[in-house]
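> Have a look at the structure that comes next, please.
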Amino acid sequence: MKDTKAGRQRPDVVAVNYVPKELQLNKAKEKKMGKIILAVIVVALVFWYVCMPVSKKRFLKELLRQVPYLIPRYFV
Amino acid sequence: MSDYDVVVIGAGNGGISAAALLARQGRKVLVLEQSASIGGCCSTFEKNGYKFDVGASIVEVIKPIEMAFAKLGTTFQREVDLIECDPVMTIIDRDGSRITYPRSIDATAEVISSFSPADGKRWYKFVDLMREFTEVALNAFFPQPADTLADVAKMVAKDPRFLKFLPLFINSYQDIMEKYFKDERVLKTMGYQSLYFGHPPAMIPGMFALIPYTEHLGVYYPRGGMIQIPEAFRRCGEKLGMKVMFNTRVKKVVVRDRRAQGVVLADGTEITAKVVVSNINARTLYLDLIGEEHLPGLVRTGIKSYKYSKGVPMIYVGLDYSPPLDSHHSLIAVTPKGVNDYWFNNVEKGVLPKDNFGLICWPTHADKSLAPEGHHVLNLIPEGFYRLAGTNWDEEKPRFVDRTLTALEKFAIPGLRDHIKVLECTSPLDFERRLLLPEGAIYALQQDLPAAAVFRPNARSRAIKGLYLTGSSTHPGGGVPTTIASGLIASNLIERYEP
C-alpha cells in the first residue's frame, strides 16, 4: 500500500471488471427481451383501451381525473 | 359557559335526527332552520287542499331509520304510519306499453321472464348477489363512520364479506346491469335508477346497482306525506327538551383556536355552543360560514375540488280525477345508454332534452288523505339540471312545464291537462333560493367513488374541532335513510368524543 497526497491509502492491485463474452451477450438479449415485453404490455393496454366501450372509458377517465384530489379530500 | 351543548344548523333529516339523538344523550340542543318548515327536501307543503312532497317521494332500505328510532327508545313504525307500496313501480315506454314490477322477487322474475326467459333466470342471480351485498352494506357500511382508513378497516373487520364485493366498486353501474341483463326491455326498466344517486350508469360504481333489488325489500310512503319522517324525529327530540327555531338563518360559525364555539345569526345574535352540527352543504359550511382563513391548505384544496350534485325540477299537480297509472312510482323507460347520452349531450352541454324522461310519483295511490275526496296528487320529476346554456330557469320554467305535461299526456297520463286544478313548479334555481341548496344540488356533492366514504367530507371535522357534519354532504350520502344514518353516525361520534 502506498500513501497518497491526501493521506489516504490505495491498493496496489486494482480489480478489473471482467465479464465473459457469453454473459455480455446474454445481458444484451435480456435487455432486448425486456423491451419486447414492455412493448407487448403497452400494445395490449392500448388495444384494451381502444376496444373498451365509451361508457367504461368515461368511467375510468373520470376516476383518473379525480386522483389528484383524493389526498386533499381525505383530510376534509 | 355555553348557551347550548349543541347547536344544529339545518333541520333536514340528518340535522333533526342527530338533534333528537343528542337530546336523548341528555344534551341541551338547539336546531336552527332557515325556512318555516323542517325536513328540507323530505318535506310536504299544502296548496288549495292538496298536499305535495317537496322532493323525496318514498322511503326504502329503512334499517338505518329503524336503528335511529330504536336509539330514541321507540320504533319507526310506532312513530310513522308507513304504507307499503306494492307494486313497487311501473315502467312506461313511449309507445304506451307498460311493465309493472310487484314487490315479490318471484313475481318480478315471472314478469321479466314473460319477455326474456334468460333474463328472468339471471334476475335470480342478480338478486342473490345484491341480497348479500345489501346485508353487508346495512351491517357494516351505512351506519358506520367512514372518516379514516382505520374506519374502513373496522368496516371490513365487522363484516369481512365486504372484500368479496370489491368488484362492485371498480365496475360501473352499467357494467353490472349489462352483465346480468341482456334484453333491452329489461335494461330499460333499470337504467334510470342510477340518477337516484345523481350520476348516469356509466359514471357511478356498481355498488349502487343494489337499488333495483332493494325496491323489492319494501317501498313505503308515510301517511300524511314525507314530512312525517322528520316530524317524528322532531316530536321525539322536543319531548327530550330539544328546541327548534324557524326562519333563523346562520351567517357564521364562530371558530376560535381551530374550535367551533357557536354560531352568529343573520341578525347578528351570537349563540355559543360546545359542539356545532352542520346539516348544510359542506362547501357552503367550510367556504362561507367558516371561511378559508380557518382551514389548512389541504382542506381548502379538498373542499373546493367537489362538484355539486345534480339538481332537479319538480312539477306538482293537483287533479280532479284518478290518473290512469298503475303504481305509486312510474318511470319513463330509458336504457342505461340512453341515460348516459342524456348526461353527456344534455347535462354537460346545458341543453334540456326534447324527449324527456323521469319519475311520476302518485302519492294519493297510497294515501287518499293528501287531496280532497275524489281528487289526486302527482309529483313529477322530469329530468333537468341547474345550468342552462343561453337561458335560465326563470325564463325556461313555463316552457319546460308545458313540454313535460304535453309529452306525458301523449303516452303516459291521457287526459292529464284537462283535469289540472293546481299546478306548481320548483326549478333547481327555486331550490337554491328556498332551501339554500347551492345549484339546487339535492344530494349536496357529487356521489361517485372519488367522493365517497373516506373521500367525502368527514362526519367529525379534522380541520375544526367540535364541528360535526350530517346530511347529504357526508358519508353515506344523499337519500332519506342515508341522511338519517349520517345523523346516527354524528350523534355516536359526539357521544364518544365530546363527553
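We label chains A, B, ... in the order they appear in the C-alpha cells, count residues from 1 in each chain, and number ligands from 1 in the order shown.
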Write out, as a Markdown table, each residue of chain B that has an atom at most 6 Å from chain A, together with the closest pair of atoms and their distance in Å to one decimal, counting only C-alpha atoms, rows going by chain and rising number.

| residue | atom | partner | partner_atom | distance |
| --- | --- | --- | --- | --- |
| B:Ala202 | CA | A:Ser55 | CA | 5.1 |
| B:Met203 | CA | A:Phe59 | CA | 5.0 |
| B:Leu298 | CA | A:Pro72 | CA | 4.8 |
| B:Val299 | CA | A:Val76 | CA | 4.9 |
| B:Gly302 | CA | A:Arg73 | CA | 4.3 |
| B:Val454 | CA | A:Tyr74 | CA | 5.8 |
| B:Phe455 | CA | A:Tyr74 | CA | 4.9 |
| B:Pro457 | CA | A:Val76 | CA | 5.1 |
> Please save all heavy atoms of the selected residues as a PDB file, in the first residue's frame.

ATOM      1  N   ALA B 202     -72.952   5.008 -16.430  1.00  0.00           N
ATOM      2  CA  ALA B 202     -71.536   4.798 -16.761  1.00  0.00           C
ATOM      3  C   ALA B 202     -70.609   5.419 -15.740  1.00  0.00           C
ATOM      4  O   ALA B 202     -69.423   5.105 -15.708  1.00  0.00           O
ATOM      5  CB  ALA B 202     -71.243   5.397 -18.133  1.00  0.00           C
ATOM      6  N   MET B 203     -71.121   6.310 -14.910  1.00  0.00           N
ATOM      7  CA  MET B 203     -70.225   7.120 -14.077  1.00  0.00           C
ATOM      8  C   MET B 203     -70.258   6.787 -12.590  1.00  0.00           C
ATOM      9  O   MET B 203     -69.506   7.378 -11.825  1.00  0.00           O
ATOM     10  CB  MET B 203     -70.568   8.612 -14.255  1.00  0.00           C
ATOM     11  CG  MET B 203     -70.551   9.076 -15.681  1.00  0.00           C
ATOM     12  SD  MET B 203     -68.932   8.960 -16.423  1.00  0.00           S
ATOM     13  CE  MET B 203     -68.260  10.518 -15.944  1.00  0.00           C
ATOM     14  N   LEU B 298     -54.574  21.800   2.654  1.00  0.00           N
ATOM     15  CA  LEU B 298     -55.113  20.574   2.050  1.00  0.00           C
ATOM     16  C   LEU B 298     -56.637  20.565   2.093  1.00  0.00           C
ATOM     17  O   LEU B 298     -57.299  20.149   1.143  1.00  0.00           O
ATOM     18  CB  LEU B 298     -54.587  19.344   2.807  1.00  0.00           C
ATOM     19  CG  LEU B 298     -53.311  18.690   2.301  1.00  0.00           C
ATOM     20  CD1 LEU B 298     -52.941  17.515   3.182  1.00  0.00           C
ATOM     21  CD2 LEU B 298     -53.440  18.235   0.852  1.00  0.00           C
ATOM     22  N   VAL B 299     -57.186  21.033   3.207  1.00  0.00           N
ATOM     23  CA  VAL B 299     -58.650  21.048   3.353  1.00  0.00           C
ATOM     24  C   VAL B 299     -59.267  22.026   2.362  1.00  0.00           C
ATOM     25  O   VAL B 299     -60.297  21.737   1.743  1.00  0.00           O
ATOM     26  CB  VAL B 299     -59.041  21.399   4.811  1.00  0.00           C
ATOM     27  CG1 VAL B 299     -60.550  21.512   4.963  1.00  0.00           C
ATOM     28  CG2 VAL B 299     -58.497  20.344   5.763  1.00  0.00           C
ATOM     29  N   GLY B 302     -59.152  20.386  -0.968  1.00  0.00           N
ATOM     30  CA  GLY B 302     -60.105  19.269  -0.990  1.00  0.00           C
ATOM     31  C   GLY B 302     -61.540  19.733  -1.129  1.00  0.00           C
ATOM     32  O   GLY B 302     -62.271  19.270  -2.004  1.00  0.00           O
ATOM     33  N   VAL B 454     -64.275   7.636   2.713  1.00  0.00           N
ATOM     34  CA  VAL B 454     -63.205   8.473   3.295  1.00  0.00           C
ATOM     35  C   VAL B 454     -62.922   9.714   2.449  1.00  0.00           C
ATOM     36  O   VAL B 454     -62.274  10.652   2.912  1.00  0.00           O
ATOM     37  CB  VAL B 454     -61.886   7.682   3.477  1.00  0.00           C
ATOM     38  CG1 VAL B 454     -62.038   6.617   4.525  1.00  0.00           C
ATOM     39  CG2 VAL B 454     -61.402   7.097   2.165  1.00  0.00           C
ATOM     40  N   PHE B 455     -63.380   9.722   1.214  1.00  0.00           N
ATOM     41  CA  PHE B 455     -63.141  10.876   0.339  1.00  0.00           C
ATOM     42  C   PHE B 455     -64.314  11.867   0.358  1.00  0.00           C
ATOM     43  O   PHE B 455     -64.312  12.833  -0.387  1.00  0.00           O
ATOM     44  CB  PHE B 455     -62.854  10.410  -1.092  1.00  0.00           C
ATOM     45  CG  PHE B 455     -61.671   9.487  -1.170  1.00  0.00           C
ATOM     46  CD1 PHE B 455     -61.806   8.206  -1.666  1.00  0.00           C
ATOM     47  CD2 PHE B 455     -60.428   9.893  -0.717  1.00  0.00           C
ATOM     48  CE1 PHE B 455     -60.728   7.341  -1.722  1.00  0.00           C
ATOM     49  CE2 PHE B 455     -59.338   9.041  -0.757  1.00  0.00           C
ATOM     50  CZ  PHE B 455     -59.487   7.758  -1.261  1.00  0.00           C
ATOM     51  N   PRO B 457     -66.604  14.584   2.737  1.00  0.00           N
ATOM     52  CA  PRO B 457     -66.295  15.333   3.959  1.00  0.00           C
ATOM     53  C   PRO B 457     -66.616  14.525   5.227  1.00  0.00           C
ATOM     54  O   PRO B 457     -67.661  13.886   5.316  1.00  0.00           O
ATOM     55  CB  PRO B 457     -67.194  16.566   3.829  1.00  0.00           C
ATOM     56  CG  PRO B 457     -67.261  16.801   2.355  1.00  0.00           C
ATOM     57  CD  PRO B 457     -67.316  15.423   1.755  1.00  0.00           C
TER      58      PRO B 457
END
> List the spatial neighbours of B:Val401 as a list of chain:residue names - criterion: any atom at most 9 Å away, only C-alpha atoms, same-chain residues fewer than 5 positions off excluded.
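The neighbour list is B:Ile315, B:Glu396, B:Thr406, B:Cys425.
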> For the selection just defined, write its residues with all heavy atoms to a file, as a compact mmCIF listing (two decimals), in the first residue's frame.

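Wrote again39.txt, looks like this:
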# COMPACT_ATOMS: atom_id res chain seq x y z
N ILE B 315 -92.47 19.17 -10.64
CA ILE B 315 -93.76 19.74 -11.03
C ILE B 315 -94.83 19.10 -10.15
O ILE B 315 -94.92 17.87 -10.08
CB ILE B 315 -94.06 19.48 -12.53
CG1 ILE B 315 -92.95 20.10 -13.40
CG2 ILE B 315 -95.42 20.06 -12.92
CD1 ILE B 315 -93.07 19.80 -14.89
N GLU B 396 -87.14 29.71 -18.57
CA GLU B 396 -87.41 28.41 -19.18
C GLU B 396 -88.57 27.66 -18.53
O GLU B 396 -89.20 26.80 -19.15
CB GLU B 396 -86.13 27.56 -19.12
CG GLU B 396 -86.12 26.30 -19.95
CD GLU B 396 -86.37 26.53 -21.44
OE1 GLU B 396 -85.97 27.56 -21.97
OE2 GLU B 396 -86.97 25.62 -22.07
N THR B 406 -97.31 18.05 -21.90
CA THR B 406 -97.75 17.61 -23.24
C THR B 406 -97.23 16.21 -23.54
O THR B 406 -97.97 15.34 -24.02
CB THR B 406 -97.24 18.60 -24.32
OG1 THR B 406 -97.68 19.91 -23.96
CG2 THR B 406 -97.76 18.26 -25.69
N CYS B 425 -94.41 24.57 -10.00
CA CYS B 425 -93.13 24.00 -10.40
C CYS B 425 -92.01 24.61 -9.56
O CYS B 425 -92.00 25.82 -9.31
CB CYS B 425 -92.87 24.28 -11.89
SG CYS B 425 -91.22 23.75 -12.43
> Go through B:Asn139, B:Thr108, B:Ser322, B:Ser57 and flag the residue nearest B:Trp123, using only C-alpha atoms for the distances.
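Smallest distance to B:Trp123 is found for B:Thr108.
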> Distance atom CA of A:Asn26-atom CA of A:Ala44, one decimal place?
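Atom CA of A:Ala44 lies 26.5 Å from atom CA of A:Asn26.
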> Calculated over only C-alpha atoms, which of the candidates B:Gly478, B:Pro336, B:Tyr386, B:Asn392 has the smallest distance to B:Glu184?
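The closest residue to B:Glu184 is B:Pro336.
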> I need the residue nearest B:Val6 from this list: B:Asp394, B:Ile332, B:Ala18, B:Trp343. Use only C-alpha atoms for the distance.
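Comparing B:Asp394, B:Ile332, B:Ala18, B:Trp343 against B:Val6, the winner is B:Ala18.
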> Go through stretch 32-81 of chain B and collect every residue that DSSP, computed from the backbone, puts in strand (DSSP E); the answer should be as a list in words.
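Checking each residue of stretch 32-81 of chain B, the strand (DSSP E) ones are Leu32, Thr44, Phe45, Glu46, Lys47, Tyr50, Lys51, Phe52, Asp53, Val59 and Glu60 of chain B.
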> For the residues selected in the previous step, produce a file with N, CA and C atoms as a short mmCIF file (atom, residue, chain, number, x, y, z; two decimals), in the first residue's frame.

data_model
loop_
_atom_site.label_atom_id
_atom_site.label_comp_id
_atom_site.auth_asym_id
_atom_site.auth_seq_id
_atom_site.Cartn_x
_atom_site.Cartn_y
_atom_site.Cartn_z
N LEU B 32 -81.41 25.22 14.37
CA LEU B 32 -81.70 26.47 13.68
C LEU B 32 -82.05 26.17 12.23
N THR B 44 -93.22 18.43 3.09
CA THR B 44 -94.52 18.42 2.40
C THR B 44 -95.15 19.80 2.55
N PHE B 45 -95.74 20.33 1.48
CA PHE B 45 -96.45 21.62 1.60
C PHE B 45 -97.87 21.47 1.06
N GLU B 46 -98.74 22.40 1.47
CA GLU B 46 -100.15 22.30 1.09
C GLU B 46 -100.54 23.49 0.22
N LYS B 47 -101.32 23.22 -0.82
CA LYS B 47 -101.87 24.31 -1.63
C LYS B 47 -103.29 23.94 -2.06
N TYR B 50 -104.49 20.44 -1.46
CA TYR B 50 -103.64 19.34 -1.96
C TYR B 50 -102.30 19.38 -1.22
N LYS B 51 -101.81 18.22 -0.83
CA LYS B 51 -100.51 18.18 -0.16
C LYS B 51 -99.47 17.57 -1.10
N PHE B 52 -98.39 18.31 -1.30
CA PHE B 52 -97.33 17.87 -2.22
C PHE B 52 -96.02 17.65 -1.45
N ASP B 53 -95.29 16.62 -1.85
CA ASP B 53 -93.97 16.38 -1.27
C ASP B 53 -92.95 17.22 -2.03
N VAL B 59 -89.76 5.98 0.85
CA VAL B 59 -88.60 5.59 1.65
C VAL B 59 -88.42 4.08 1.53
N GLU B 60 -87.19 3.67 1.35
CA GLU B 60 -86.86 2.25 1.29
C GLU B 60 -85.54 2.04 2.03
#
